[in-house]
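**Student:** I have a structure here, written as structure tokens, and I will follow up with some questions on it.
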Amino acid sequence: MKLSYLFISIIPVISTYQFDPNGYVIFCLCMGRFGNQADHFLGSMSFAKNLNRTLVVPPFRTFKNVPYSEWFKFEELDKYHRVISAEDFMTFIAPEYWKEDNRIGFCWSYEPIQDCRMKEGNPMQNFWTELGVDKFTKSVNFPLSFSDYELWKSKFPADKYPVLAFRGAPASYPIKKDDRINQRYIVWSDSIISEVDSLIKKFFDDEKYIGIHLRNGIDWSNACRDVDGYDNYMSSPQCLDDSNKKVTKELCFPSVELVLQKLEYVLLEKLNGNVKNVYVATDKNPMIQEIKEYFIQRDLELNIIHHDPWLPIIDLAILAKSDFFIGNCVSSFSAFVVRDRNINKKPSAFWGFD
Ligand SMILES: *[C@@H]1O[C@H](CO)[C@@H](O)[C@H](O)[C@H]1NC(C)=O
């Protein structure tokens, strides 16, 4: 045999992916911005694991699909359950096992024959198009809760339905209490960490700093208008769960005075005036002048940074690394930071909540 022939024949096409006979779960993180998407992702991890299907890890959604591994370490997810990135799923699995002419969309409905409209609306259409999914060929409706795992297994077995493709995430918002711990497997990517570490060095020269999240845009002011007395609202279970308190206006949209007083309590009493650096993340008003003047009157000159990064994920990582964090209990953005900190045993507090 000629050597050249031998060479060609022993170079295999390497794909590390074998088809999983227990099937796949694929879905769009189509609700809201990063905080909501993270809640949904953590819940979907539990769904896939309990159905013992491979989790197809979707890209996050900004104005485009952002592959999971740009922000987080993909291989950490493997420690929780079998995963494949949506991009690899489309390249290595879909051509053979999820063919274009047989792509079923699943959606929740009591009506048995609703069209799931998998690709209608924003960002659903772009999400699937960017992944290379042109169309869905059929709809299947289910009136099942996402936590009825046994019913899912019996009604939609993997041999008949190898791929469960959902219009939205198979999870609830806000996140269920038991799913919060899944964040242990959501670990910042090396590129995010190195960017964030150099920013922290630049801003604070490696001194201690406190991170605060001020959610105070106009949409939030509207959202918080009539919430007094609610049992829960959006991400509020994160602080109200283990109390017998209810949602208040101040919990949702703290006044300027409340923010200053809480900050005073944390900086001067809890941290004994030893921390002089403040990192502010906000969607609207960073309150820099108000905070500076308030503390000058109390003989504390603060170094206040409002970086306002193009990518909110940078804010999240800097807040997660802070020495103390004060967040908004109702916000899913704050909730992501607090879960990360709880896992890393770092202290957090909330505006309007003791
Ligand atoms: C879960 O799925 C994997 C991979 O298909 C399989 O090896 C394993 O036996 C399954 N576990 C159970 C409990 O069915």
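Just remember, in the structure tokens the first chain shown is A, the second B, etc., residues are 1-based per chain, and ligands are 1-based in the order shown.
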Show me a table, sorted first by chain and then by increasing residue number, of the residues of chain A having an atom at most 6 Å from ligand 1, each with its shortest atom pair and the distance in Å to one decimal, counting only C-alpha atoms and all ligand atoms and written as JSON lines.
**Tutor:**
{"residue": "A:Asp20", "atom": "CA", "partner": "ligand 1", "partner_atom_place_in_ligand_line": "5 (O)", "distance": 5.0}
{"residue": "A:Pro21", "atom": "CA", "partner": "ligand 1", "partner_atom_place_in_ligand_line": "5 (O)", "distance": 5.3}
{"residue": "A:Asn22", "atom": "CA", "partner": "ligand 1", "partner_atom_place_in_ligand_line": "5 (O)", "distance": 4.6}
{"residue": "A:Asn52", "atom": "CA", "partner": "ligand 1", "partner_atom_place_in_ligand_line": "1 (C)", "distance": 4.9}
**Student:** Report as a PyMOL selection string all protein, DNA and RNA residues lying within 7 Å of Val280 in chain A, evaluated on only C-alpha atoms, omitting residues in the same chain fewer than 6 positions from it.
**Tutor:** chain A and resi 211-213+286+305-306
**Student:** With 10 Å as the cut-off and only C-alpha atoms counted, what is the closest atom pair between each nearby residue of range 54-130 of chain A and range 29-40 of chain A? Distances in Å to one decimal, ordered by chain and number, as JSON lines.
**Tutor:**
{"residue": "A:Val57", "atom": "CA", "partner": "A:Leu29", "partner_atom": "CA", "distance": 9.8}
{"residue": "A:Pro58", "atom": "CA", "partner": "A:Leu29", "partner_atom": "CA", "distance": 7.1}
{"residue": "A:Pro59", "atom": "CA", "partner": "A:Leu29", "partner_atom": "CA", "distance": 7.8}
{"residue": "A:Phe60", "atom": "CA", "partner": "A:Leu29", "partner_atom": "CA", "distance": 6.5}
{"residue": "A:Arg61", "atom": "CA", "partner": "A:Leu29", "partner_atom": "CA", "distance": 6.8}
{"residue": "A:Thr62", "atom": "CA", "partner": "A:Arg33", "partner_atom": "CA", "distance": 7.3}
{"residue": "A:Asn65", "atom": "CA", "partner": "A:Leu29", "partner_atom": "CA", "distance": 9.9}
{"residue": "A:Gly121", "atom": "CA", "partner": "A:Cys30", "partner_atom": "CA", "distance": 10.0}
{"residue": "A:Asn122", "atom": "CA", "partner": "A:Cys30", "partner_atom": "CA", "distance": 8.1}
{"residue": "A:Pro123", "atom": "CA", "partner": "A:Cys30", "partner_atom": "CA", "distance": 6.1}
{"residue": "A:Met124", "atom": "CA", "partner": "A:Cys30", "partner_atom": "CA", "distance": 6.4}
{"residue": "A:Gln125", "atom": "CA", "partner": "A:Cys30", "partner_atom": "CA", "distance": 10.0}
{"residue": "A:Phe127", "atom": "CA", "partner": "A:Cys30", "partner_atom": "CA", "distance": 8.2}
**Student:** Would you output that residue set with N, CA, C and O atoms, as a PDB file, in the first residue's frame?
**Tutor:**
ATOM      1  N   VAL A  57     -26.944  23.819  25.239  1.00  0.00           N
ATOM      2  CA  VAL A  57     -26.745  25.110  25.906  1.00  0.00           C
ATOM      3  C   VAL A  57     -26.918  26.239  24.899  1.00  0.00           C
ATOM      4  O   VAL A  57     -26.127  26.375  23.957  1.00  0.00           O
ATOM      5  N   PRO A  58     -27.974  27.038  25.087  1.00  0.00           N
ATOM      6  CA  PRO A  58     -28.244  28.088  24.097  1.00  0.00           C
ATOM      7  C   PRO A  58     -27.280  29.259  24.269  1.00  0.00           C
ATOM      8  O   PRO A  58     -26.748  29.471  25.359  1.00  0.00           O
ATOM      9  N   PRO A  59     -27.082  30.008  23.188  1.00  0.00           N
ATOM     10  CA  PRO A  59     -26.367  31.271  23.353  1.00  0.00           C
ATOM     11  C   PRO A  59     -27.249  32.235  24.147  1.00  0.00           C
ATOM     12  O   PRO A  59     -28.475  32.091  24.160  1.00  0.00           O
ATOM     13  N   PHE A  60     -26.636  33.189  24.827  1.00  0.00           N
ATOM     14  CA  PHE A  60     -27.432  34.262  25.420  1.00  0.00           C
ATOM     15  C   PHE A  60     -27.868  35.188  24.312  1.00  0.00           C
ATOM     16  O   PHE A  60     -27.339  35.167  23.204  1.00  0.00           O
ATOM     17  N   ARG A  61     -28.851  36.009  24.639  1.00  0.00           N
ATOM     18  CA  ARG A  61     -29.396  36.893  23.629  1.00  0.00           C
ATOM     19  C   ARG A  61     -29.118  38.335  24.012  1.00  0.00           C
ATOM     20  O   ARG A  61     -29.558  38.790  25.077  1.00  0.00           O
ATOM     21  N   THR A  62     -28.348  39.033  23.186  1.00  0.00           N
ATOM     22  CA  THR A  62     -28.291  40.500  23.333  1.00  0.00           C
ATOM     23  C   THR A  62     -29.006  41.011  22.094  1.00  0.00           C
ATOM     24  O   THR A  62     -30.150  40.635  21.883  1.00  0.00           O
ATOM     25  N   ASN A  65     -26.983  36.483  19.018  1.00  0.00           N
ATOM     26  CA  ASN A  65     -26.663  35.328  19.849  1.00  0.00           C
ATOM     27  C   ASN A  65     -25.220  35.436  20.338  1.00  0.00           C
ATOM     28  O   ASN A  65     -24.313  35.655  19.539  1.00  0.00           O
ATOM     29  N   GLY A 121     -41.771  36.632  16.017  1.00  0.00           N
ATOM     30  CA  GLY A 121     -41.466  37.641  17.031  1.00  0.00           C
ATOM     31  C   GLY A 121     -39.980  37.750  17.309  1.00  0.00           C
ATOM     32  O   GLY A 121     -39.169  36.961  16.852  1.00  0.00           O
ATOM     33  N   ASN A 122     -39.678  38.761  18.084  1.00  0.00           N
ATOM     34  CA  ASN A 122     -38.310  39.070  18.441  1.00  0.00           C
ATOM     35  C   ASN A 122     -38.101  38.686  19.904  1.00  0.00           C
ATOM     36  O   ASN A 122     -38.942  39.009  20.723  1.00  0.00           O
ATOM     37  N   PRO A 123     -37.043  38.010  20.273  1.00  0.00           N
ATOM     38  CA  PRO A 123     -35.900  37.611  19.456  1.00  0.00           C
ATOM     39  C   PRO A 123     -35.999  36.190  18.909  1.00  0.00           C
ATOM     40  O   PRO A 123     -34.997  35.678  18.422  1.00  0.00           O
ATOM     41  N   MET A 124     -37.175  35.558  18.980  1.00  0.00           N
ATOM     42  CA  MET A 124     -37.280  34.146  18.576  1.00  0.00           C
ATOM     43  C   MET A 124     -36.767  33.928  17.153  1.00  0.00           C
ATOM     44  O   MET A 124     -35.993  33.009  16.896  1.00  0.00           O
ATOM     45  N   GLN A 125     -37.220  34.787  16.260  1.00  0.00           N
ATOM     46  CA  GLN A 125     -36.853  34.591  14.864  1.00  0.00           C
ATOM     47  C   GLN A 125     -35.335  34.630  14.662  1.00  0.00           C
ATOM     48  O   GLN A 125     -34.749  33.721  14.074  1.00  0.00           O
ATOM     49  N   PHE A 127     -32.965  34.354  16.878  1.00  0.00           N
ATOM     50  CA  PHE A 127     -32.281  33.312  17.640  1.00  0.00           C
ATOM     51  C   PHE A 127     -32.118  32.046  16.806  1.00  0.00           C
ATOM     52  O   PHE A 127     -31.026  31.509  16.638  1.00  0.00           O
TER      53      PHE A 127
END
**Student:** With 12 Å as the cut-off and only C-alpha atoms counted, what is the closest atom pair between each nearby residue of range 168-206 of chain A and range 328-332 of chain A? Distances in Å to one decimal, ordered by chain and number, as CSV.
**Tutor:**
residue,atom,partner,partner_atom,distance
A:Tyr173,CA,A:Ser332,CA,9.4
A:Pro174,CA,A:Ser332,CA,8.0
A:Ile175,CA,A:Ser332,CA,9.3
A:Arg180,CA,A:Ser332,CA,11.9
**Student:** Hey, what does DSSP flag as strand (DSSP E or B) within range 36-193 of chain A? Can you give it to me as a PyMOL selection string?
**Tutor:** chain A and resi 54-57+60-61+65-66+72+83-85+104-108+138-142+163-166+188
**Student:** Which of these, A:Met45, A:Ala335, A:Leu55, A:Ile318, has the shortest distance to Ser235 in chain A once you count only C-alpha atoms?
**Tutor:**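 Once distances to Ser235 in chain A are computed over only C-alpha atoms, the minimum belongs to A:Ala335.
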**Student:** So what do you get for CA of Tyr233 in chain A versus CA of Arg117 in chain A, distance-wise?
**Tutor:**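 Rounded to one decimal, the two atoms are 28.8 Å apart.
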**Student:** Quote the spacing between CA of Arg215 in chain A and CA of Trp310 in chain A in Å to one decimal place.
**Tutor:**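 Value for the CA of Arg215 in chain A-CA of Trp310 in chain A distance: 16.7 Å.
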**Student:** How many Å separate CA of Ser147 in chain A from CA of Ala48 in chain A?
**Tutor:** 10.6 Å
**Student:** Excluding same-chain residues fewer than 4 positions from Lys49 in chain A, what lies within 12 Å of it counting only C-alpha atoms, as a list in words?
**Tutor:**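 Near Lys49 in chain A, the qualifying residues are Asn22, Gly23, Tyr24, Val25, Leu42, Gly43, Ser44, Met45, Arg53, Thr54, Leu55, Val56, Leu77, Asp78, Lys79, Tyr80, His81, Arg82, Val83, Ser147, Tyr149, Lys153, Pro170, Asp179 and Asn182 of chain A.
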**Student:** Would you export the selected residues with N, CA and C atoms as a PDB file, in the first residue's frame, please?
**Tutor:**
ATOM      1  N   ASN A  22     -30.857   9.147  24.928  1.00  0.00           N
ATOM      2  CA  ASN A  22     -31.823   9.715  25.872  1.00  0.00           C
ATOM      3  C   ASN A  22     -32.316  11.099  25.467  1.00  0.00           C
ATOM      4  N   GLY A  23     -31.838  11.585  24.330  1.00  0.00           N
ATOM      5  CA  GLY A  23     -32.432  12.777  23.749  1.00  0.00           C
ATOM      6  C   GLY A  23     -31.845  14.098  24.217  1.00  0.00           C
ATOM      7  N   TYR A  24     -32.438  15.168  23.687  1.00  0.00           N
ATOM      8  CA  TYR A  24     -31.919  16.534  23.865  1.00  0.00           C
ATOM      9  C   TYR A  24     -33.038  17.493  24.260  1.00  0.00           C
ATOM     10  N   VAL A  25     -32.628  18.570  24.915  1.00  0.00           N
ATOM     11  CA  VAL A  25     -33.536  19.691  25.165  1.00  0.00           C
ATOM     12  C   VAL A  25     -32.876  20.938  24.596  1.00  0.00           C
ATOM     13  N   LEU A  42     -30.828  28.526  34.585  1.00  0.00           N
ATOM     14  CA  LEU A  42     -30.599  27.689  35.774  1.00  0.00           C
ATOM     15  C   LEU A  42     -31.742  26.695  35.976  1.00  0.00           C
ATOM     16  N   GLY A  43     -32.968  27.145  35.731  1.00  0.00           N
ATOM     17  CA  GLY A  43     -34.110  26.240  35.844  1.00  0.00           C
ATOM     18  C   GLY A  43     -34.094  25.165  34.759  1.00  0.00           C
ATOM     19  N   SER A  44     -33.669  25.545  33.563  1.00  0.00           N
ATOM     20  CA  SER A  44     -33.618  24.591  32.449  1.00  0.00           C
ATOM     21  C   SER A  44     -32.558  23.521  32.682  1.00  0.00           C
ATOM     22  N   MET A  45     -31.511  23.874  33.401  1.00  0.00           N
ATOM     23  CA  MET A  45     -30.498  22.872  33.764  1.00  0.00           C
ATOM     24  C   MET A  45     -31.165  21.742  34.549  1.00  0.00           C
ATOM     25  N   ARG A  53     -31.940  14.140  29.705  1.00  0.00           N
ATOM     26  CA  ARG A  53     -31.643  14.467  28.316  1.00  0.00           C
ATOM     27  C   ARG A  53     -30.418  15.370  28.288  1.00  0.00           C
ATOM     28  N   THR A  54     -29.675  15.324  27.211  1.00  0.00           N
ATOM     29  CA  THR A  54     -28.552  16.256  27.064  1.00  0.00           C
ATOM     30  C   THR A  54     -29.091  17.678  26.956  1.00  0.00           C
ATOM     31  N   LEU A  55     -28.492  18.576  27.722  1.00  0.00           N
ATOM     32  CA  LEU A  55     -28.872  19.984  27.646  1.00  0.00           C
ATOM     33  C   LEU A  55     -28.122  20.657  26.504  1.00  0.00           C
ATOM     34  N   VAL A  56     -28.883  21.159  25.531  1.00  0.00           N
ATOM     35  CA  VAL A  56     -28.269  21.948  24.466  1.00  0.00           C
ATOM     36  C   VAL A  56     -28.169  23.378  24.989  1.00  0.00           C
ATOM     37  N   LEU A  77     -20.073  23.282  33.113  1.00  0.00           N
ATOM     38  CA  LEU A  77     -21.444  22.767  33.053  1.00  0.00           C
ATOM     39  C   LEU A  77     -21.449  21.239  33.025  1.00  0.00           C
ATOM     40  N   ASP A  78     -20.411  20.695  32.427  1.00  0.00           N
ATOM     41  CA  ASP A  78     -20.255  19.243  32.311  1.00  0.00           C
ATOM     42  C   ASP A  78     -20.232  18.545  33.668  1.00  0.00           C
ATOM     43  N   LYS A  79     -19.792  19.274  34.674  1.00  0.00           N
ATOM     44  CA  LYS A  79     -19.737  18.685  36.016  1.00  0.00           C
ATOM     45  C   LYS A  79     -21.141  18.495  36.587  1.00  0.00           C
ATOM     46  N   TYR A  80     -22.094  19.215  36.024  1.00  0.00           N
ATOM     47  CA  TYR A  80     -23.473  19.107  36.502  1.00  0.00           C
ATOM     48  C   TYR A  80     -24.248  18.039  35.733  1.00  0.00           C
ATOM     49  N   HIS A  81     -24.108  18.058  34.410  1.00  0.00           N
ATOM     50  CA  HIS A  81     -24.912  17.178  33.567  1.00  0.00           C
ATOM     51  C   HIS A  81     -24.328  17.169  32.146  1.00  0.00           C
ATOM     52  N   ARG A  82     -24.784  16.213  31.308  1.00  0.00           N
ATOM     53  CA  ARG A  82     -24.322  16.178  29.917  1.00  0.00           C
ATOM     54  C   ARG A  82     -24.798  17.430  29.163  1.00  0.00           C
ATOM     55  N   VAL A  83     -23.863  18.090  28.485  1.00  0.00           N
ATOM     56  CA  VAL A  83     -24.203  19.308  27.746  1.00  0.00           C
ATOM     57  C   VAL A  83     -23.532  19.303  26.385  1.00  0.00           C
ATOM     58  N   SER A 147     -42.106  20.968  36.000  1.00  0.00           N
ATOM     59  CA  SER A 147     -41.552  20.142  37.083  1.00  0.00           C
ATOM     60  C   SER A 147     -42.215  18.765  37.180  1.00  0.00           C
ATOM     61  N   TYR A 149     -41.661  15.944  35.972  1.00  0.00           N
ATOM     62  CA  TYR A 149     -40.644  15.233  35.189  1.00  0.00           C
ATOM     63  C   TYR A 149     -41.113  13.858  34.699  1.00  0.00           C
ATOM     64  N   LYS A 153     -41.422  12.363  30.841  1.00  0.00           N
ATOM     65  CA  LYS A 153     -40.756  11.156  30.350  1.00  0.00           C
ATOM     66  C   LYS A 153     -41.749  10.190  29.712  1.00  0.00           C
ATOM     67  N   PRO A 170     -37.691  25.920  29.358  1.00  0.00           N
ATOM     68  CA  PRO A 170     -38.537  25.041  30.176  1.00  0.00           C
ATOM     69  C   PRO A 170     -38.255  25.265  31.665  1.00  0.00           C
ATOM     70  N   ASP A 179     -33.328  25.659  42.464  1.00  0.00           N
ATOM     71  CA  ASP A 179     -32.480  25.774  41.276  1.00  0.00           C
ATOM     72  C   ASP A 179     -31.362  26.814  41.444  1.00  0.00           C
ATOM     73  N   ASN A 182     -27.712  25.825  41.254  1.00  0.00           N
ATOM     74  CA  ASN A 182     -27.112  25.465  39.954  1.00  0.00           C
ATOM     75  C   ASN A 182     -26.086  26.489  39.497  1.00  0.00           C
TER      76      ASN A 182
END
**Student:** Please, which residues of range 60-254 of chain A, numbered as in this document, come out alpha helix (DSSP H) from DSSP, as JSON, numbers by chain?
**Tutor:** {"A": [68, 69, 70, 71, 74, 75, 76, 77, 86, 87, 88, 94, 95, 96, 97, 124, 125, 126, 127, 128, 129, 130, 131, 149, 150, 151, 152, 153, 154, 155, 190, 191, 192, 193, 194, 195, 196, 197, 198, 199, 200, 201, 202, 203, 204, 218, 219, 220, 221, 222, 223, 237, 238, 239, 240, 249, 250, 251, 252]}
**Student:** Which residue, A:Cys224, A:Gln18, A:Leu267, A:Ile193, has the smallest gap to Glu96 in chain A when you use only C-alpha atoms?
**Tutor:**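 Of the candidates, the smallest distance to Glu96 in chain A is held by A:Gln18.
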**Student:** Excluding Phe74 in chain A and any residue of its chain fewer than 3 positions from it, enumerate the residues within 10 Å of it, using only C-alpha atoms, and give them as a list in words.
**Tutor:**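 Result of the neighbour search: Val57, Pro67, Tyr68, Ser69, Glu70, Trp71, Leu77, Asp78, Lys79, Val83, Ile84, Ser85, Tyr185, Ile186, Val187, Trp188 and Ser189 of chain A.
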**Student:** When distances are computed from only C-alpha atoms, which of A:Asp205, A:Glu257, A:Asp231, A:Glu75 shows the smallest separation from Lys276 in chain A?
**Tutor:**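 Among A:Asp205, A:Glu257, A:Asp231, A:Glu75, it is A:Asp205 that comes nearest to Lys276 in chain A.
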**Student:** Excluding Gly229 in chain A and its own-chain neighbours fewer than 3 positions away, which residues fall within 9 Å of it when counting only C-alpha atoms? Please give them as a ChimeraX atom specification.
**Tutor:** /A:226,232,245-249
**Student:** Need the shell around Thr129 in chain A: protein/DNA/RNA residues with any atom at most 12 Å away, counting only C-alpha atoms. Skip same-chain ones fewer than 5 positions apart. Format as a PDB file with C-alpha atoms, in the first residue's frame?
**Tutor:**
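To be explicit, this is the file written out as selection-v1.pdb:
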ATOM      1  CA  CYS A  28     -34.394  29.976  23.309  1.00  0.00           C
ATOM      2  CA  LYS A  64     -27.433  38.840  18.644  1.00  0.00           C
ATOM      3  CA  ASN A  65     -26.663  35.328  19.849  1.00  0.00           C
ATOM      4  CA  GLU A  87     -23.577  25.673  17.907  1.00  0.00           C
ATOM      5  CA  MET A  90     -26.335  22.196  14.976  1.00  0.00           C
ATOM      6  CA  MET A 118     -41.536  29.064  17.122  1.00  0.00           C
ATOM      7  CA  LYS A 119     -39.949  31.684  14.909  1.00  0.00           C
ATOM      8  CA  GLU A 120     -42.468  34.476  15.231  1.00  0.00           C
ATOM      9  CA  ASN A 122     -38.310  39.070  18.441  1.00  0.00           C
ATOM     10  CA  PRO A 123     -35.900  37.611  19.456  1.00  0.00           C
ATOM     11  CA  MET A 124     -37.280  34.146  18.576  1.00  0.00           C
ATOM     12  CA  ASP A 134     -34.905  27.919   8.989  1.00  0.00           C
ATOM     13  CA  LYS A 135     -38.224  26.514  10.023  1.00  0.00           C
ATOM     14  CA  PHE A 136     -40.162  24.187  12.286  1.00  0.00           C
TER      15      PHE A 136
END
**Student:** Which residue, A:Lys177, A:Asp340, A:Glu264, A:Trp128, has the smallest gap to Pro237 in chain A when you use only C-alpha atoms?
**Tutor:** A:Lys177
**Student:** What's the 9 Å shell around range 287-292 of chain A, counting only C-alpha atoms, without same-chain residues fewer than 4 positions away, as a PyMOL selection string?
**Tutor:** chain A and resi 214+256+259-260+263+280+296-297+300-306
